[in-house]
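Each remark here refers to the structure printed beneath this line.
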Amino acid sequence: MITAVIQAEPIFFNLGATLEKTERLVREAAGQRAELILFPESFLPGYPRGLSFGTVVGSRTAEGREHWLDYWNNSVSVPSITTDLLGDMAREAGAWLVIGITEKDEREGSLYCSLLYFNPDGELIHKHRKLKPTAAERIVWGEGDGSTLQVLDTPLGKIGGLICWENYMPLARMSLYDQGIQIYLAPTADERATWQATMQHIACEGRCFVLGCNQFSLRENYPEVYQKEISPDRKVLSRGGSVIVSPLGEVLAGPLFDTEGILYADLDLEDTVKGKLDFAPVGHYSRPDVFDFQWKK
């Protein structure tokens with residue numbers, strides 16, 4: 001089974017243009033026979049790295065509220081015309097399409113960092129909301145309620161994932177292992193070397209394939225009004241670092257730094273079985289007589 005991890009730069013704060021770019025990249029991956037295509041965290045309309053939205057503790061600015069409005073207007077309602085278009089892309093590609101978005105809840109007036117799953121028929125079959133936005137992300141995104149911690153049983157295998165630093169939450173990972181995950185998706189905004197160690201650790205711990213997917217982004221490609229918040233010396237906002245790792249922690253593709261690109265790997269799910277010879281996190285290595293793990297299903 002061919003998988004594709006897409007490391008790309010959105011057209012920041014421009015949902016329509018980023019959708020056009022998304023379609024081109026999906027077609028490119030489909031041309032390489034990819035059956036599962038993964039995009040980064042908040043690819044639509046872009047991860048707002050370096051922006052404050054005019055907030056400090058105890059104070060907000062009118063300009064920051066304008067920036068928030070701009071981000072809101074370019075975020076994605078679920079369902080919507082945008083999700084219909086993404087479904088069309090998946091159907092045309094004949095592939096599973098998983099993409100990070102900033103989701104706007106029109107009723108609540110809140111934004112969420114979400115991950116959408118489309119099947120090859122173009123149906124939106126799952127949405128996961130990030131459980132815990134990190135640090136200043138909490139100004140931008142609300143918290144998911146945990147009801148979407150689900151692994152999907154698909155013809156490709158058991159697929160699921162967590163977003164960025166959710167992957168540092170041991171019990172969140174355990175909830176996926178408990179459901180027998182085989183292909184673990186980890187869209188992120190973390191470009192550090194330590195993230196590579198995390199991807200390999202999760203693969204070894206879960207005895208699953210791990211697909212880590214990050215954006216590549218440059219300051220010069222932000223709209224000019226937002227560039228002023230970021231030092232001109234900081235030309236590269238995210239180096240990337242997308243990677244695909246085997247169930248034994250071996251790097252199959254990547255890590256990819258300092259450029260856009262697509263990583264491909266041919267996954268054999270029998271490797272997830274072979275990996276459990278000596279370690280099974282919810283099986284013969286779990287010690288349920290000592291530990292009682294329960295989670296909200």
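Labeling convention for the structure tokens: chains A, B, ... as they appear, residues from 1 per chain, ligands from 1 in order of appearance.
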Item checked: Within 10 Å of region 62-67 of chain A using only C-alpha atoms, minus same-chain residues under 3 positions, as a list of chain:residue names -> A:Phe13, A:Leu51, A:Ser52, A:Phe53, A:Gly54, A:Thr55, A:Asp70, A:Tyr71, A:Trp72, A:Asn73, A:Val225, A:Tyr226
Next item on the list: Would you mind writing down, as a ChimeraX atom specification, each residue of region 42-98 of chain A that DSSP on the backbone assigns to alpha helix (DSSP H)?
Entry: /A:62-73,81-93
Restricted to C-alpha atoms, what would the selected residues look like written as an mmCIF file, in the first residue's frame?
data_model
loop_
_atom_site.group_PDB
_atom_site.id
_atom_site.type_symbol
_atom_site.label_atom_id
_atom_site.label_comp_id
_atom_site.auth_asym_id
_atom_site.auth_seq_id
_atom_site.Cartn_x
_atom_site.Cartn_y
_atom_site.Cartn_z
ATOM 1 C CA ALA A 62 -8.567 46.125 17.819
ATOM 2 C CA GLU A 63 -6.022 45.161 15.148
ATOM 3 C CA GLY A 64 -5.766 41.681 16.648
ATOM 4 C CA ARG A 65 -9.532 41.270 16.391
ATOM 5 C CA GLU A 66 -9.300 42.161 12.697
ATOM 6 C CA HIS A 67 -6.639 39.481 12.265
ATOM 7 C CA TRP A 68 -8.878 37.003 14.082
ATOM 8 C CA LEU A 69 -11.762 37.896 11.744
ATOM 9 C CA ASP A 70 -9.535 37.280 8.732
ATOM 10 C CA TYR A 71 -8.497 33.876 10.100
ATOM 11 C CA TRP A 72 -12.126 33.018 10.920
ATOM 12 C CA ASN A 73 -13.306 33.936 7.426
ATOM 13 C CA ILE A 81 -18.729 23.597 0.235
ATOM 14 C CA THR A 82 -15.073 23.286 1.234
ATOM 15 C CA THR A 83 -15.522 19.780 2.642
ATOM 16 C CA ASP A 84 -17.515 18.863 -0.471
ATOM 17 C CA LEU A 85 -14.543 19.952 -2.588
ATOM 18 C CA LEU A 86 -12.134 17.922 -0.457
ATOM 19 C CA GLY A 87 -14.414 14.917 -0.862
ATOM 20 C CA ASP A 88 -14.340 15.415 -4.629
ATOM 21 C CA MET A 89 -10.517 15.385 -4.492
ATOM 22 C CA ALA A 90 -10.506 12.104 -2.571
ATOM 23 C CA ARG A 91 -12.983 10.532 -4.980
ATOM 24 C CA GLU A 92 -11.046 11.663 -8.043
ATOM 25 C CA ALA A 93 -7.833 10.313 -6.521
#
Kindly assemble as a tab-separated table a list of the region 82-192 of chain A residues that lie within 10 Å of region 245-262 of chain A, each paired with its nearest atom pair and their distance in Å to one decimal, using only C-alpha atoms, sorted first by chain and then by ascending residue number.
residue	atom	partner	partner_atom	distance
A:Gln182	CA	A:Pro247	CA	8.6
A:Ile183	CA	A:Pro247	CA	9.3
A:Tyr184	CA	A:Val245	CA	9.8
A:Glu191	CA	A:Phe257	CA	8.6
Residue neighbourhood Leu25 (chain A), 10 Å, only C-alpha atoms, exclusion window fewer than 2 positions, as a JSON list (two decimals) with C-alpha atoms, in the first residue's frame:
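Dumped to part_7.json:
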[["chain", "number", "residue", "atom", "x", "y", "z"],
["A", 6, "ILE", "CA", 2.66, 15.98, 1.80],
["A", 7, "GLN", "CA", 4.95, 18.67, 3.18],
["A", 8, "ALA", "CA", 3.82, 21.95, 1.69],
["A", 19, "LEU", "CA", -7.70, 24.57, -1.84],
["A", 20, "GLU", "CA", -6.41, 24.90, -5.40],
["A", 21, "LYS", "CA", -2.92, 23.98, -4.24],
["A", 22, "THR", "CA", -4.33, 21.06, -2.25],
["A", 23, "GLU", "CA", -6.04, 19.71, -5.35],
["A", 27, "ARG", "CA", -3.46, 14.72, -8.02],
["A", 28, "GLU", "CA", 0.32, 14.47, -7.90],
["A", 29, "ALA", "CA", 0.19, 11.90, -5.11],
["A", 30, "ALA", "CA", -2.56, 9.96, -6.86],
["A", 31, "GLY", "CA", -0.34, 9.86, -9.94],
["A", 37, "ILE", "CA", -2.65, 10.93, 1.40],
["A", 39, "PHE", "CA", -1.59, 16.77, 4.85],
["A", 89, "MET", "CA", -10.52, 15.39, -4.49],
["A", 261, "GLY", "CA", 7.88, 17.81, -1.18],
["A", 262, "ILE", "CA", 6.01, 14.53, -0.96]]
Margin query: So that I can see what lies close to Leu131 (chain A), please list as an MDAnalysis selection string the residues with an atom at most 10 Å from it, counting only C-alpha atoms and leaving out residues fewer than 6 positions away in the same chain.
Written below: chainID A and resid 112:114 141:149 162:163 165:166 169 172
Notebook entry, point to check: Nearest to Ala136 (chain A) among A:Tyr285, A:Phe12, A:Val56, A:Arg239, with distances taken over only C-alpha atoms: which residue is it?
Noted result: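 Counting only C-alpha atoms, the residue closest to Ala136 (chain A) is A:Val56.
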Next item on the list: Enter the distance from CA of Ile181 (chain A) to CA of Ile159 (chain A), in Å, rounded to one decimal.
Entry: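 It comes out at 5.9 Å.
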Next item on the list: Give the strand (DSSP E) residues of region 14-227 of chain A, as assigned by DSSP on the backbone, as a PyMOL selection string.
Entry: chain A and resi 36-38+55-56+59-60+96-105+110-118+124-129+152-154+157-161+183-188+209-214+217-218
Selected residues, N, CA and C atoms, written as a compact mmCIF listing (two decimals), in the first residue's frame, please.
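And here's selection.txt as it stands now:
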# COMPACT_ATOMS: atom_id res chain seq x y z
N LEU A 36 -3.30 6.42 0.44
CA LEU A 36 -3.54 7.22 1.64
C LEU A 36 -2.68 8.47 1.51
N ILE A 37 -3.32 9.65 1.60
CA ILE A 37 -2.65 10.93 1.40
C ILE A 37 -2.87 11.77 2.66
N LEU A 38 -1.77 12.21 3.27
CA LEU A 38 -1.84 12.97 4.52
C LEU A 38 -1.28 14.38 4.33
N THR A 55 -2.95 39.70 21.39
CA THR A 55 -3.26 39.30 22.76
C THR A 55 -2.01 39.26 23.63
N VAL A 56 -2.14 39.79 24.82
CA VAL A 56 -1.24 39.53 25.92
C VAL A 56 -2.12 39.33 27.14
N SER A 59 -5.03 41.90 28.06
CA SER A 59 -5.26 42.92 27.06
C SER A 59 -5.40 42.33 25.67
N ARG A 60 -6.27 42.93 24.85
CA ARG A 60 -6.42 42.61 23.44
C ARG A 60 -6.43 43.91 22.64
N TRP A 96 -7.75 7.53 0.24
CA TRP A 96 -8.09 8.14 1.51
C TRP A 96 -7.34 9.45 1.62
N LEU A 97 -8.05 10.50 1.98
CA LEU A 97 -7.47 11.83 2.14
C LEU A 97 -7.68 12.28 3.58
N VAL A 98 -6.58 12.60 4.25
CA VAL A 98 -6.64 13.07 5.63
C VAL A 98 -5.94 14.42 5.68
N ILE A 99 -6.62 15.44 6.18
CA ILE A 99 -6.09 16.80 6.10
C ILE A 99 -6.42 17.59 7.36
N GLY A 100 -5.41 18.34 7.83
CA GLY A 100 -5.61 19.20 8.99
C GLY A 100 -6.23 20.52 8.58
N ILE A 101 -7.21 20.96 9.38
CA ILE A 101 -7.88 22.24 9.11
C ILE A 101 -8.02 23.02 10.41
N THR A 102 -8.22 24.32 10.27
CA THR A 102 -8.81 25.09 11.36
C THR A 102 -10.30 25.12 11.09
N GLU A 103 -11.04 24.51 11.98
CA GLU A 103 -12.49 24.36 11.83
C GLU A 103 -13.20 25.48 12.57
N LYS A 104 -14.18 26.08 11.91
CA LYS A 104 -14.98 27.08 12.62
C LYS A 104 -16.37 26.52 12.90
N ASP A 105 -16.77 26.66 14.14
CA ASP A 105 -18.10 26.25 14.56
C ASP A 105 -18.99 27.49 14.55
N SER A 110 -16.50 29.50 17.84
CA SER A 110 -15.18 29.02 18.24
C SER A 110 -14.46 28.37 17.06
N LEU A 111 -13.14 28.36 17.15
CA LEU A 111 -12.30 27.65 16.21
C LEU A 111 -11.71 26.42 16.88
N TYR A 112 -11.46 25.37 16.08
CA TYR A 112 -10.84 24.14 16.57
C TYR A 112 -9.77 23.69 15.58
N CYS A 113 -8.74 23.07 16.11
CA CYS A 113 -7.74 22.43 15.26
C CYS A 113 -8.22 21.00 15.02
N SER A 114 -8.58 20.68 13.79
CA SER A 114 -9.25 19.42 13.50
C SER A 114 -8.56 18.66 12.38
N LEU A 115 -8.83 17.36 12.34
CA LEU A 115 -8.30 16.47 11.31
C LEU A 115 -9.48 15.78 10.65
N LEU A 116 -9.59 15.93 9.33
CA LEU A 116 -10.71 15.36 8.57
C LEU A 116 -10.24 14.13 7.79
N TYR A 117 -11.11 13.10 7.77
CA TYR A 117 -10.83 11.86 7.05
C TYR A 117 -11.89 11.67 5.97
N PHE A 118 -11.45 11.56 4.71
CA PHE A 118 -12.34 11.28 3.58
C PHE A 118 -11.97 9.94 2.98
N LEU A 124 -16.93 12.22 3.91
CA LEU A 124 -16.28 12.63 5.15
C LEU A 124 -16.77 11.68 6.24
N ILE A 125 -15.88 10.81 6.70
CA ILE A 125 -16.34 9.77 7.62
C ILE A 125 -15.85 9.97 9.05
N HIS A 126 -14.94 10.93 9.26
CA HIS A 126 -14.46 11.14 10.63
C HIS A 126 -13.85 12.53 10.76
N LYS A 127 -14.03 13.11 11.93
CA LYS A 127 -13.41 14.39 12.28
C LYS A 127 -12.90 14.29 13.70
N HIS A 128 -11.61 14.59 13.87
CA HIS A 128 -11.02 14.60 15.21
C HIS A 128 -10.63 16.03 15.58
N ARG A 129 -11.07 16.48 16.74
CA ARG A 129 -10.69 17.79 17.25
C ARG A 129 -9.57 17.63 18.27
N LEU A 152 -10.12 4.08 12.77
CA LEU A 152 -11.03 3.63 11.72
C LEU A 152 -10.58 2.29 11.16
N ASP A 153 -11.50 1.35 11.08
CA ASP A 153 -11.22 0.04 10.49
C ASP A 153 -11.53 0.12 9.01
N THR A 154 -10.49 0.24 8.18
CA THR A 154 -10.65 0.49 6.75
C THR A 154 -10.05 -0.66 5.94
N GLY A 157 -6.41 -0.94 6.48
CA GLY A 157 -5.93 -1.25 7.81
C GLY A 157 -6.59 -0.33 8.82
N LYS A 158 -6.15 -0.42 10.06
CA LYS A 158 -6.73 0.40 11.12
C LYS A 158 -5.94 1.71 11.21
N ILE A 159 -6.66 2.81 10.89
CA ILE A 159 -6.03 4.12 10.72
C ILE A 159 -6.58 5.09 11.76
N GLY A 160 -5.70 5.88 12.35
CA GLY A 160 -6.11 6.93 13.28
C GLY A 160 -4.94 7.86 13.52
N GLY A 161 -5.10 8.77 14.47
CA GLY A 161 -3.98 9.66 14.73
C GLY A 161 -4.28 10.73 15.73
N ILE A 183 -1.81 2.15 11.30
CA ILE A 183 -1.25 3.31 10.60
C ILE A 183 -1.59 4.55 11.41
N TYR A 184 -0.58 5.10 12.04
CA TYR A 184 -0.73 6.18 13.02
C TYR A 184 -0.34 7.49 12.32
N LEU A 185 -1.28 8.44 12.27
CA LEU A 185 -1.06 9.71 11.59
C LEU A 185 -0.74 10.80 12.61
N ALA A 186 0.31 11.58 12.33
CA ALA A 186 0.75 12.59 13.27
C ALA A 186 1.05 13.91 12.56
N PRO A 187 0.00 14.61 12.06
CA PRO A 187 0.21 15.93 11.51
C PRO A 187 0.65 16.88 12.62
N THR A 188 1.56 17.82 12.30
CA THR A 188 2.17 18.61 13.37
C THR A 188 2.59 19.97 12.85
N PHE A 209 2.97 1.71 11.95
CA PHE A 209 3.58 2.69 11.07
C PHE A 209 3.18 4.09 11.55
N VAL A 210 4.12 5.02 11.49
CA VAL A 210 3.84 6.40 11.88
C VAL A 210 4.14 7.32 10.71
N LEU A 211 3.17 8.16 10.36
CA LEU A 211 3.32 9.15 9.30
C LEU A 211 3.30 10.53 9.94
N GLY A 212 4.48 11.14 10.06
CA GLY A 212 4.59 12.49 10.59
C GLY A 212 4.56 13.49 9.46
N CYS A 213 3.75 14.55 9.58
CA CYS A 213 3.54 15.46 8.46
C CYS A 213 3.53 16.90 8.96
N ASN A 214 4.43 17.73 8.42
CA ASN A 214 4.55 19.11 8.85
C ASN A 214 4.49 20.05 7.64
N SER A 217 7.20 26.55 5.68
CA SER A 217 6.68 27.90 5.49
C SER A 217 7.78 28.94 5.61
N LEU A 218 7.61 30.02 4.85
CA LEU A 218 8.56 31.13 4.80
C LEU A 218 7.86 32.42 5.22
If we count only C-alpha atoms and set the cut-off at 10 Å, which residues sit around Asp178 (chain A), ignoring sequence neighbours fewer than 2 positions away in its own chain? Please answer as a tab-separated table (two decimals) with N, CA and C atoms, in the first residue's frame.
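Dumped everything to part38.tsv:
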chain	number	residue	atom	x	y	z
A	151	VAL	N	-10.12	5.01	16.11
A	151	VAL	CA	-9.35	4.37	15.04
A	151	VAL	C	-10.35	3.80	14.04
A	173	ARG	N	-2.31	8.40	23.39
A	173	ARG	CA	-1.70	7.37	22.55
A	173	ARG	C	-2.25	5.99	22.92
A	174	MET	N	-2.37	5.74	24.22
A	174	MET	CA	-2.83	4.44	24.67
A	174	MET	C	-4.24	4.13	24.16
A	175	SER	N	-5.06	5.17	24.04
A	175	SER	CA	-6.42	4.94	23.54
A	175	SER	C	-6.39	4.43	22.10
A	176	LEU	N	-5.40	4.89	21.31
A	176	LEU	CA	-5.27	4.40	19.93
A	176	LEU	C	-4.68	3.00	19.89
A	180	GLY	N	-6.07	-1.06	18.44
A	180	GLY	CA	-5.34	-1.85	17.45
A	180	GLY	C	-4.81	-1.07	16.27
A	181	ILE	N	-4.46	0.19	16.47
A	181	ILE	CA	-4.01	1.03	15.36
A	181	ILE	C	-2.82	0.42	14.64
A	206	GLY	N	3.97	1.66	19.79
A	206	GLY	CA	2.69	1.16	19.29
A	206	GLY	C	2.81	0.01	18.32
A	281	PRO	N	1.74	-3.46	23.13
A	281	PRO	CA	1.41	-2.53	24.21
A	281	PRO	C	0.09	-2.79	24.91
A	282	VAL	N	-0.86	-3.45	24.22
A	282	VAL	CA	-2.11	-3.80	24.89
A	282	VAL	C	-2.29	-5.31	24.93
A	283	GLY	N	-1.22	-6.05	24.64
A	283	GLY	CA	-1.28	-7.51	24.66
A	283	GLY	C	-0.35	-8.08	25.70
A	293	PHE	N	-6.39	0.38	32.67
A	293	PHE	CA	-6.55	1.51	31.76
A	293	PHE	C	-8.00	1.61	31.30
A	294	GLN	N	-8.60	2.77	31.52
A	294	GLN	CA	-9.96	3.02	31.04
A	294	GLN	C	-9.98	4.37	30.35
A	295	TRP	N	-10.76	4.46	29.27
A	295	TRP	CA	-10.88	5.74	28.58
A	295	TRP	C	-12.30	5.89	28.05
Checklist line | Computed interatomic separation between CA of Ser286 (chain A) and CA of Val243 (chain A) (Å) | finding: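 Answer for the CA of Ser286 (chain A) to CA of Val243 (chain A) separation: 27.8 Å.
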Notebook entry, point to check: With only C-alpha atoms as the atoms that count, which of A:Tyr47, A:Tyr177, A:Tyr222, A:Phe291 lies nearest to Asp190 (chain A)?
Noted result: A:Tyr47
Notebook entry, point to check: In Å to one decimal, how far is CA of Gly50 (chain A) from CA of Trp195 (chain A)?
Noted result: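 A separation of 19.2 Å between them.
Counting only C-alpha atoms, the residue from A:Glu205, A:Ser42, A:Tyr168, A:Glu106 that sits nearest to Ser80 (chain A) is A:Glu106.
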Next item on the list: Between A:Ala280, A:Leu237, A:Lys130, A:Leu44, single out the one closest to Asn221 (chain A), counting only C-alpha atoms.
Entry: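 For Asn221 (chain A), the nearest of the candidates is A:Leu237.
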